[in-house]
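Structure below is query.pdb: PDB, C-alpha atoms.
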```pdb
ATOM      1  CA  MET A  23      82.498 114.195 117.586
ATOM      2  CA  VAL A  24      80.482 111.012 118.202
ATOM      3  CA  ASP A  25      77.350 112.369 116.500
ATOM      4  CA  TYR A  26      79.326 113.765 113.574
ATOM      5  CA  ARG A  27      81.117 110.513 112.835
ATOM      6  CA  LEU A  28      78.029 108.433 113.457
ATOM      7  CA  ASP A  29      76.209 110.468 110.801
ATOM      8  CA  ARG A  30      79.124 109.835 108.459
ATOM      9  CA  ILE A  31      78.909 106.090 109.135
ATOM     10  CA  ALA A  32      75.137 106.011 108.654
ATOM     11  CA  SER A  33      75.484 107.723 105.272
ATOM     12  CA  HIS A  34      77.408 104.687 104.010
ATOM     13  CA  VAL A  35      76.387 101.706 106.186
ATOM     14  CA  PRO A  36      72.983 100.932 107.767
ATOM     15  CA  ILE A  37      73.381 100.789 111.536
ATOM     16  CA  VAL A  38      71.484  97.551 112.110
ATOM     17  CA  GLY A  39      72.277  94.060 113.321
ATOM     18  CA  ARG A  40      75.240  93.085 115.482
ATOM     19  CA  TRP A  41      78.202  95.496 115.619
ATOM     20  CA  LEU A  42      81.743  95.248 116.954
ATOM     21  CA  ASP A  43      83.354  98.462 118.204
ATOM     22  CA  CYS A  44      87.007  97.412 118.173
ATOM     23  CA  GLY A  45      89.146  99.656 120.350
ATOM     24  CA  CYS A  46      86.100 101.042 122.131
ATOM     25  CA  ALA A  47      87.934 102.973 124.885
ATOM     26  CA  GLU A  48      85.265 104.122 127.359
ATOM     27  CA  GLY A  49      82.404 102.969 125.137
ATOM     28  CA  ASP A  50      80.929 106.193 123.769
ATOM     29  CA  TYR A  51      80.688 104.915 120.201
ATOM     30  CA  SER A  52      79.451 101.506 121.328
ATOM     31  CA  VAL A  53      76.488 103.068 123.108
ATOM     32  CA  ALA A  54      75.891 105.519 120.243
ATOM     33  CA  LEU A  55      75.746 102.639 117.743
ATOM     34  CA  LYS A  56      73.162 100.887 119.890
ATOM     35  CA  ALA A  57      71.075 104.067 120.177
ATOM     36  CA  ALA A  58      71.307 104.551 116.398
ATOM     37  CA  GLY A  59      69.722 101.183 115.634
ATOM     38  CA  ALA A  60      72.215  98.349 116.163
ATOM     39  CA  ALA A  61      70.581  95.273 117.695
ATOM     40  CA  HIS A  62      73.637  94.466 119.809
ATOM     41  CA  VAL A  63      77.093  96.000 120.213
ATOM     42  CA  ILE A  64      80.286  94.432 121.521
ATOM     43  CA  GLY A  65      82.994  96.878 122.538
ATOM     44  CA  THR A  66      86.532  95.540 122.860
ATOM     45  CA  ASP A  67      89.712  97.227 124.031
ATOM     46  CA  ILE A  68      93.134  95.991 125.048
ATOM     47  CA  GLU A  69      93.188  98.220 128.134
ATOM     48  CA  SER A  70      91.254  96.456 130.887
ATOM     49  CA  THR A  71      90.927  99.667 132.911
ATOM     50  CA  ARG A  72      89.067 101.302 130.024
ATOM     51  CA  VAL A  73      86.808  98.287 129.672
ATOM     52  CA  ALA A  74      86.039  98.389 133.403
ATOM     53  CA  GLU A  75      85.206 102.086 133.131
ATOM     54  CA  ALA A  76      82.947 101.442 130.137
ATOM     55  CA  ARG A  77      81.094  98.707 131.993
ATOM     56  CA  GLU A  78      80.543 101.005 134.943
ATOM     57  CA  ARG A  79      79.507 104.026 132.864
ATOM     58  CA  TRP A  80      77.017 102.145 130.720
ATOM     59  CA  ALA A  81      75.789  99.490 133.139
ATOM     60  CA  ASP A  82      72.169 100.531 132.578
ATOM     61  CA  VAL A  83      72.336 100.292 128.770
ATOM     62  CA  ALA A  84      70.889  97.046 127.459
ATOM     63  CA  GLY A  85      72.300  95.371 124.389
ATOM     64  CA  VAL A  86      75.890  96.576 124.845
ATOM     65  CA  GLU A  87      78.729  94.514 126.298
ATOM     66  CA  PHE A  88      82.413  95.217 126.825
ATOM     67  CA  VAL A  89      85.303  92.778 126.577
ATOM     68  CA  ALA A  90      89.004  93.244 127.279
ATOM     69  CA  ALA A  91      90.951  91.844 124.321
ATOM     70  CA  PRO A  92      93.661  92.870 121.849
ATOM     71  CA  ALA A  93      92.478  93.704 118.356
ATOM     72  CA  GLU A  94      94.704  90.975 116.912
ATOM     73  CA  ASP A  95      93.108  88.202 119.009
ATOM     74  CA  LEU A  96      89.390  88.760 119.393
ATOM     75  CA  PRO A  97      87.508  86.198 121.537
ATOM     76  CA  LEU A  98      84.559  86.074 119.133
ATOM     77  CA  PRO A  99      83.307  83.250 116.913
ATOM     78  CA  ASP A 100      83.807  83.277 113.172
ATOM     79  CA  ALA A 101      81.182  85.228 111.204
ATOM     80  CA  SER A 102      79.510  86.493 114.379
ATOM     81  CA  VAL A 103      79.088  90.236 113.688
ATOM     82  CA  ASP A 104      77.421  92.160 110.866
ATOM     83  CA  ALA A 105      79.634  95.236 110.962
ATOM     84  CA  VAL A 106      82.821  96.526 112.590
ATOM     85  CA  LEU A 107      83.856 100.037 113.591
ATOM     86  CA  LEU A 108      87.605 100.639 113.870
ATOM     87  CA  ASN A 109      87.751 104.262 114.946
ATOM     88  CA  GLU A 110      91.254 105.746 115.277
ATOM     89  CA  VAL A 111      92.647 102.350 116.275
ATOM     90  CA  LEU A 112      94.532 100.822 113.341
ATOM     91  CA  GLU A 113      97.349 103.343 113.690
ATOM     92  CA  HIS A 114      97.991 102.113 117.254
ATOM     93  CA  VAL A 115      97.796  98.332 117.021
ATOM     94  CA  GLU A 116     100.862  96.160 117.351
ATOM     95  CA  ASN A 117     100.193  94.423 114.031
ATOM     96  CA  GLN A 118      97.772  95.989 111.565
ATOM     97  CA  GLU A 119      97.685  92.959 109.251
ATOM     98  CA  ARG A 120      96.729  90.574 112.074
ATOM     99  CA  THR A 121      94.140  93.059 113.278
ATOM    100  CA  LEU A 122      92.430  93.273 109.900
ATOM    101  CA  SER A 123      92.611  89.490 109.556
ATOM    102  CA  ALA A 124      90.884  89.102 112.933
ATOM    103  CA  LEU A 125      88.158  91.548 111.925
ATOM    104  CA  ARG A 126      87.634  89.752 108.630
ATOM    105  CA  ARG A 127      87.284  86.466 110.483
ATOM    106  CA  VAL A 128      84.532  87.661 112.832
ATOM    107  CA  LEU A 129      82.539  89.448 110.109
ATOM    108  CA  VAL A 130      79.740  87.662 108.298
ATOM    109  CA  PRO A 131      80.184  87.378 104.512
ATOM    110  CA  GLY A 132      79.121  90.719 103.085
ATOM    111  CA  GLY A 133      79.612  92.402 106.466
ATOM    112  CA  ALA A 134      80.854  95.995 106.646
ATOM    113  CA  LEU A 135      84.116  97.369 108.004
ATOM    114  CA  VAL A 136      84.352 101.100 108.765
ATOM    115  CA  VAL A 137      87.842 102.439 109.445
ATOM    116  CA  PHE A 138      88.753 105.936 110.590
ATOM    117  CA  SER A 139      92.495 106.611 110.771
ATOM    118  CA  PRO A 140      94.763 109.671 110.564
ATOM    119  CA  ASN A 141      94.882 111.399 107.197
ATOM    120  CA  ARG A 142      98.313 112.595 106.101
ATOM    121  CA  TRP A 143      96.713 115.404 104.092
ATOM    122  CA  PHE A 144      95.739 116.979 107.422
ATOM    123  CA  PRO A 145      98.608 119.371 108.206
ATOM    124  CA  PHE A 146      98.955 118.511 111.915
ATOM    125  CA  GLU A 147     100.147 115.327 113.595
ATOM    126  CA  GLY A 148      97.612 115.024 116.386
ATOM    127  CA  HIS A 149      99.506 112.285 118.224
ATOM    128  CA  GLY A 150     102.519 114.510 118.775
ATOM    129  CA  ALA A 151     106.074 113.412 118.039
ATOM    130  CA  VAL A 152     109.249 112.227 119.736
ATOM    131  CA  ILE A 153     112.340 114.086 118.553
ATOM    132  CA  ARG A 154     115.771 113.208 119.986
ATOM    133  CA  GLY A 155     114.105 111.443 122.873
ATOM    134  CA  ARG A 156     111.910 114.382 123.785
ATOM    135  CA  GLY A 157     108.143 114.076 123.511
ATOM    136  CA  PHE A 158     106.050 116.881 122.041
ATOM    137  CA  TRP A 159     102.478 116.017 123.034
ATOM    138  CA  PHE A 160     100.605 118.602 121.010
ATOM    139  CA  PRO A 161      99.562 118.804 117.346
ATOM    140  CA  VAL A 162     102.808 119.130 115.403
ATOM    141  CA  PRO A 163     102.349 121.321 112.281
ATOM    142  CA  LEU A 164     103.314 119.942 108.850
ATOM    143  CA  HIS A 165     104.771 116.754 110.346
ATOM    144  CA  PRO A 166     102.498 114.441 108.282
ATOM    145  CA  TRP A 167     103.587 116.109 105.030
ATOM    146  CA  LEU A 168     107.253 115.235 105.477
ATOM    147  CA  PRO A 169     108.624 112.116 103.757
ATOM    148  CA  GLN A 170     108.045 108.999 105.830
ATOM    149  CA  ARG A 171     111.734 108.149 105.765
ATOM    150  CA  LEU A 172     112.285 111.286 107.856
ATOM    151  CA  THR A 173     109.380 110.833 110.256
ATOM    152  CA  ALA A 174     109.356 107.050 110.815
ATOM    153  CA  ARG A 175     111.302 107.356 114.068
ATOM    154  CA  THR A 176     109.540 110.442 115.353
ATOM    155  CA  MET A 177     105.902 109.435 114.882
ATOM    156  CA  THR A 178     104.144 107.876 117.878
ATOM    157  CA  ALA A 179     101.413 106.310 115.738
ATOM    158  CA  ARG A 180     100.990 105.388 112.092
ATOM    159  CA  ASN A 181      99.639 107.976 109.687
ATOM    160  CA  TYR A 182      98.316 107.081 106.235
ATOM    161  CA  TRP A 183      97.784 108.679 102.868
ATOM    162  CA  PRO A 184      94.138 107.946 101.967
ATOM    163  CA  ARG A 185      94.846 105.545  99.114
ATOM    164  CA  GLN A 186      97.536 103.881 101.208
ATOM    165  CA  LEU A 187      94.985 103.114 103.916
ATOM    166  CA  ALA A 188      92.491 101.830 101.348
ATOM    167  CA  GLY A 189      95.218  99.603  99.909
ATOM    168  CA  ILE A 190      96.045  98.111 103.296
ATOM    169  CA  VAL A 191      92.384  97.265 103.852
ATOM    170  CA  ARG A 192      92.106  95.809 100.345
ATOM    171  CA  ASP A 193      95.246  93.715 100.814
ATOM    172  CA  ALA A 194      93.642  92.216 103.933
ATOM    173  CA  GLY A 195      90.950  90.648 101.750
ATOM    174  CA  PHE A 196      88.218  93.285 101.859
ATOM    175  CA  ASP A 197      86.384  94.959  99.003
ATOM    176  CA  VAL A 198      86.795  98.723  99.460
ATOM    177  CA  VAL A 199      83.531 100.407  98.503
ATOM    178  CA  GLU A 200      84.048 103.994  99.691
ATOM    179  CA  LEU A 201      86.881 106.375 100.499
ATOM    180  CA  ASP A 202      85.779 109.429 102.450
ATOM    181  CA  TYR A 203      87.070 111.871 105.048
ATOM    182  CA  ALA A 204      86.107 113.390 108.395
ATOM    183  CA  LEU A 205      86.801 117.020 109.211
ATOM    184  CA  PRO A 206      88.204 117.915 112.638
ATOM    185  CA  LEU A 207      85.881 119.361 115.245
ATOM    186  CA  PHE A 208      88.837 121.019 117.001
ATOM    187  CA  SER A 209      87.712 119.899 120.447
ATOM    188  CA  LYS A 210      91.390 119.108 121.145
ATOM    189  CA  TYR A 211      92.700 122.356 119.653
ATOM    190  CA  GLU A 212      91.701 124.731 122.422
ATOM    191  CA  TRP A 213      94.718 126.932 121.715
ATOM    192  CA  LEU A 214      93.018 128.246 118.570
ATOM    193  CA  PRO A 215      91.494 131.737 118.927
ATOM    194  CA  ARG A 216      87.856 131.642 120.038
ATOM    195  CA  PRO A 217      86.642 133.698 117.042
ATOM    196  CA  VAL A 218      88.248 131.120 114.728
ATOM    197  CA  LEU A 219      86.627 128.229 116.593
ATOM    198  CA  ARG A 220      83.253 129.993 116.511
ATOM    199  CA  TRP A 221      83.520 130.692 112.778
ATOM    200  CA  TYR A 222      84.596 127.123 112.076
ATOM    201  CA  SER A 223      81.727 125.650 114.096
ATOM    202  CA  GLU A 224      79.217 127.729 112.145
ATOM    203  CA  ALA A 225      80.842 126.975 108.783
ATOM    204  CA  LEU A 226      81.324 123.225 109.361
ATOM    205  CA  PRO A 227      78.086 122.078 107.643
ATOM    206  CA  ARG A 228      79.003 124.065 104.508
ATOM    207  CA  LEU A 229      82.624 122.923 104.526
ATOM    208  CA  ASP A 230      81.581 119.331 105.031
ATOM    209  CA  ARG A 231      79.599 119.332 101.797
ATOM    210  CA  ARG A 232      82.731 120.048  99.753
ATOM    211  CA  ARG A 233      84.717 116.902  99.163
ATOM    212  CA  TRP A 234      87.900 118.749  98.177
ATOM    213  CA  ILE A 235      87.856 120.410 101.596
ATOM    214  CA  ARG A 236      87.032 117.160 103.383
ATOM    215  CA  LYS A 237      90.075 115.602 101.701
ATOM    216  CA  PHE A 238      92.213 117.651 104.098
ATOM    217  CA  GLY A 239      90.226 116.366 107.092
ATOM    218  CA  VAL A 240      91.817 114.955 110.204
ATOM    219  CA  SER A 241      90.820 111.374 109.345
ATOM    220  CA  THR A 242      90.372 109.167 106.319
ATOM    221  CA  MET A 243      87.282 106.969 106.326
ATOM    222  CA  VAL A 244      87.435 103.652 104.497
ATOM    223  CA  VAL A 245      84.232 101.639 104.083
ATOM    224  CA  ALA A 246      84.787  98.046 103.016
ATOM    225  CA  ARG A 247      82.951  94.735 102.796
ATOM    226  CA  LYS A 248      84.014  91.178 103.484
ATOM    227  CA  PRO A 249      83.484  89.323 100.197
ATOM    228  CA  ARG A 250      80.600  86.894 100.150
ATOM    229  CA  ALA A 251      82.741  84.360  98.299
ATOM    230  CA  ALA A 252      85.948  83.172  99.907
ATOM    231  CA  VAL A 253      89.053  84.976  98.651
ATOM    232  CA  ARG A 254      92.637  84.745  99.748
ATOM    233  CA  PRO A 255      94.050  88.004 101.144
ATOM    234  CA  ALA A 256      96.997  89.502  99.305
ATOM    235  CA  ALA A 257     100.442  89.336 100.852
ATOM    236  CA  PRO A 258     100.449  91.903 103.702
ATOM    237  CA  ARG A 259     102.287  95.167 103.357
ATOM    238  CA  ARG A 260     104.969  96.023 105.837
ATOM    239  CA  SER A 261     103.610  97.836 108.887
ATOM    240  CA  GLY A 262     104.678 101.383 109.517
ATOM    241  CA  PRO A 263     105.793 102.653 112.937
ATOM    242  CA  GLY A 264     103.360 101.622 115.647
ATOM    243  CA  PRO A 265     102.563 103.020 119.048
ATOM    244  CA  ARG A 266     104.622 102.964 122.156
ATOM    245  CA  GLY A 267     103.070 100.449 124.515
ATOM    246  CA  ARG A 268      99.561 100.142 123.094
ATOM    247  CA  SER A 269      97.886  97.722 120.711
ATOM    248  CA  SER A 270      94.294  98.903 120.393
TER     249      SER A 270
END
```

Can the structure in the file be given as structure tokens, please?
Amino acid sequence: MVDYRLDRIASHVPIVGRWLDCGCAEGDYSVALKAAGAAHVIGTDIESTRVAEARERWADVAGVEFVAAPAEDLPLPDASVDAVLLNEVLEHVENQERTLSALRRVLVPGGALVVFSPNRWFPFEGHGAVIRGRGFWFPVPLHPWLPQRLTARTMTARNYWPRQLAGIVRDAGFDVVELDYALPLFSKYEWLPRPVLRWYSEALPRLDRRRWIRKFGVSTMVVARKPRAAVRPAAPRRSGPGPRGRSS
């Protein structure tokens, strides 16, 4: 999955300069960004145990550092990074408006923001659901397609329609320059029949070239830029349901 999404990023944003991998988990994307051409990468995550694991795993990799911090309160100077990756993180943060404001602050004018977040056109809710107090921790079919008024209390993470996600990023003061999608690699869907997985793996390059198919991908990809001239962000939209006990 790392290589696939990194190729998608590189098709829209040059991987050069200083990058922030916000919500880096164990650091796989941080290290991949460095290997792809970034001069320096800072990986941040709210979970200190994940940051400690990342530091241990990648101790021999130069030019990558890991910091424990919430996405809403990044310990970085203003205009200190050239690009930000927010990969499957926005749907989990405590406050998505504060998170995007923090990312805008640390980006240089003209800097790039790349967001991957769940796509409601994808017919499975990969985060599972909580129904009548019972957790179902497997991909729930058709859950994202139901009206949000019915699923607000059952979702364990936010899920966005593509233009909704682009609007949230735009309202935070960014210029949205691209709306794209990422197909699933089904690494977490091991219950699918092996012949289906084998066919899908072989067909993925062909499927990926068809935008109408990608539109039903597991994630929406929003590419945005911090304006070079100062602008005032629009009034924030109301956050949807967040996670249970996690903010990045």

Handout entry: Straight-line distance linking atom CA of A:Asp67 with atom CA of A:Cys44, stated in Å to one decimal
Key =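 Distance between the two atoms: 6.5 Å.
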
Exercise for the section: May I have the residues within 12 Å of stretch 129-133 of chain A as number ranges by chain, using all atoms listed in the file and disregarding those fewer than 2 positions away in the same chain? Expected result: A: 35-42, 96, 98-107, 122-127, 135-136, 195-199, 245-253

Problem - Expected selection from the PyMOL selection byres ((chain A and resi 225-242) around 10), given as a count of residues only - result: 38

Handout entry: the PyMOL selection byres ((chain A and resi 165) around 10) applied to the shown file, residues as a PyMOL selection string
Key = chain A and resi 142+144-148+150-151+161-164+166-170+172-173+176-177

Exercise for the section: Between atom CA of A:Glu87 and atom CA of A:Ala134, measure the distance and give it in Å to one decimal. Expected result: 19.8 Å

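You can rank A:Ala90, A:Val73, A:Cys46, A:Ala84 by their closest distance to A:Ala61 using all atoms listed in the file, and at the top of that list sits A:Ala84.
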
Practice task
Do a neighbour search on A:Asp43 at 7 Å with only C-alpha atoms, toss out local chain neighbours closer than 5 positions, and write the hits as a list in words.
Solution key: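 Contacts, in chain order: Ser52, Ile64, Gly65, Thr66, Val106, Leu107 and Leu108 of chain A.
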
Practice task
Find the distance between atom CA of A:Arg30 and atom CA of A:Glu119 and write it in Å to one decimal.
Solution key: 25.1 Å

Exercise for the section: Please evaluate the PyMOL selection byres ((chain A and resi 91) around 9) against the structure above and give the resulting residues as a list in words. Expected result: Gly45, Thr66, Asp67, Ile68, Glu69, Ser70, Val89, Ala90, Pro92, Ala93, Glu94, Asp95, Leu96, Pro97 and Ser270 of chain A

Since the input is missing atoms for stretch 91-102 of chain A, could you rebuild it with all heavy atoms and give the result as a compact mmCIF listing (two decimals), in the coordinates of the input?
```
# COMPACT_ATOMS: atom_id res chain seq x y z
N ALA A 91 90.27 92.72 125.27
CA ALA A 91 90.95 91.84 124.32
C ALA A 91 91.75 92.68 123.34
O ALA A 91 91.33 93.78 122.96
CB ALA A 91 89.94 90.98 123.56
N PRO A 92 92.91 92.17 122.90
CA PRO A 92 93.66 92.87 121.85
C PRO A 92 92.96 92.74 120.51
O PRO A 92 92.27 91.74 120.25
CB PRO A 92 95.02 92.15 121.84
CG PRO A 92 94.71 90.78 122.36
CD PRO A 92 93.60 90.95 123.36
N ALA A 93 93.13 93.72 119.66
CA ALA A 93 92.48 93.70 118.36
C ALA A 93 92.94 92.53 117.50
O ALA A 93 92.20 92.05 116.64
CB ALA A 93 92.75 95.02 117.63
N GLU A 94 94.17 92.07 117.72
CA GLU A 94 94.70 90.98 116.91
C GLU A 94 94.17 89.60 117.32
O GLU A 94 94.35 88.62 116.59
CB GLU A 94 96.24 90.94 117.01
CG GLU A 94 96.93 92.17 116.49
CD GLU A 94 97.14 93.24 117.56
OE1 GLU A 94 96.47 93.18 118.62
OE2 GLU A 94 97.97 94.13 117.34
N ASP A 95 93.53 89.50 118.48
CA ASP A 95 93.11 88.20 119.01
C ASP A 95 91.74 88.35 119.68
O ASP A 95 91.63 88.31 120.90
CB ASP A 95 94.15 87.68 120.00
CG ASP A 95 93.90 86.24 120.42
OD1 ASP A 95 93.15 85.54 119.70
OD2 ASP A 95 94.43 85.82 121.46
N LEU A 96 90.73 88.51 118.88
CA LEU A 96 89.39 88.76 119.39
C LEU A 96 88.72 87.46 119.83
O LEU A 96 88.69 86.49 119.07
CB LEU A 96 88.53 89.43 118.32
CG LEU A 96 89.01 90.81 117.86
CD1 LEU A 96 88.27 91.24 116.59
CD2 LEU A 96 88.82 91.84 118.97
N PRO A 97 88.15 87.42 121.03
CA PRO A 97 87.51 86.20 121.54
C PRO A 97 86.07 86.06 121.04
O PRO A 97 85.14 85.89 121.84
CB PRO A 97 87.57 86.40 123.05
CG PRO A 97 87.44 87.87 123.23
CD PRO A 97 88.16 88.49 122.05
N LEU A 98 85.89 86.15 119.73
CA LEU A 98 84.56 86.07 119.13
C LEU A 98 84.54 84.95 118.10
O LEU A 98 85.55 84.69 117.43
CB LEU A 98 84.20 87.40 118.45
CG LEU A 98 84.17 88.66 119.32
CD1 LEU A 98 83.89 89.88 118.48
CD2 LEU A 98 83.14 88.53 120.42
N PRO A 99 83.39 84.31 117.92
CA PRO A 99 83.31 83.25 116.91
C PRO A 99 83.44 83.79 115.50
O PRO A 99 83.22 84.98 115.24
CB PRO A 99 81.90 82.66 117.15
CG PRO A 99 81.48 83.14 118.50
CD PRO A 99 82.15 84.46 118.70
N ASP A 100 83.77 82.91 114.58
CA ASP A 100 83.81 83.28 113.17
C ASP A 100 82.43 83.76 112.72
O ASP A 100 81.40 83.23 113.16
CB ASP A 100 84.21 82.08 112.31
CG ASP A 100 85.65 81.62 112.57
OD1 ASP A 100 86.33 82.27 113.38
OD2 ASP A 100 86.06 80.62 111.95
N ALA A 101 82.42 84.73 111.83
CA ALA A 101 81.18 85.23 111.20
C ALA A 101 80.09 85.51 112.24
O ALA A 101 78.95 85.11 112.09
CB ALA A 101 80.68 84.21 110.18
N SER A 102 80.46 86.26 113.29
CA SER A 102 79.51 86.49 114.38
C SER A 102 79.01 87.93 114.47
O SER A 102 78.14 88.22 115.29
CB SER A 102 80.15 86.11 115.71
OG SER A 102 81.35 86.83 115.93
```
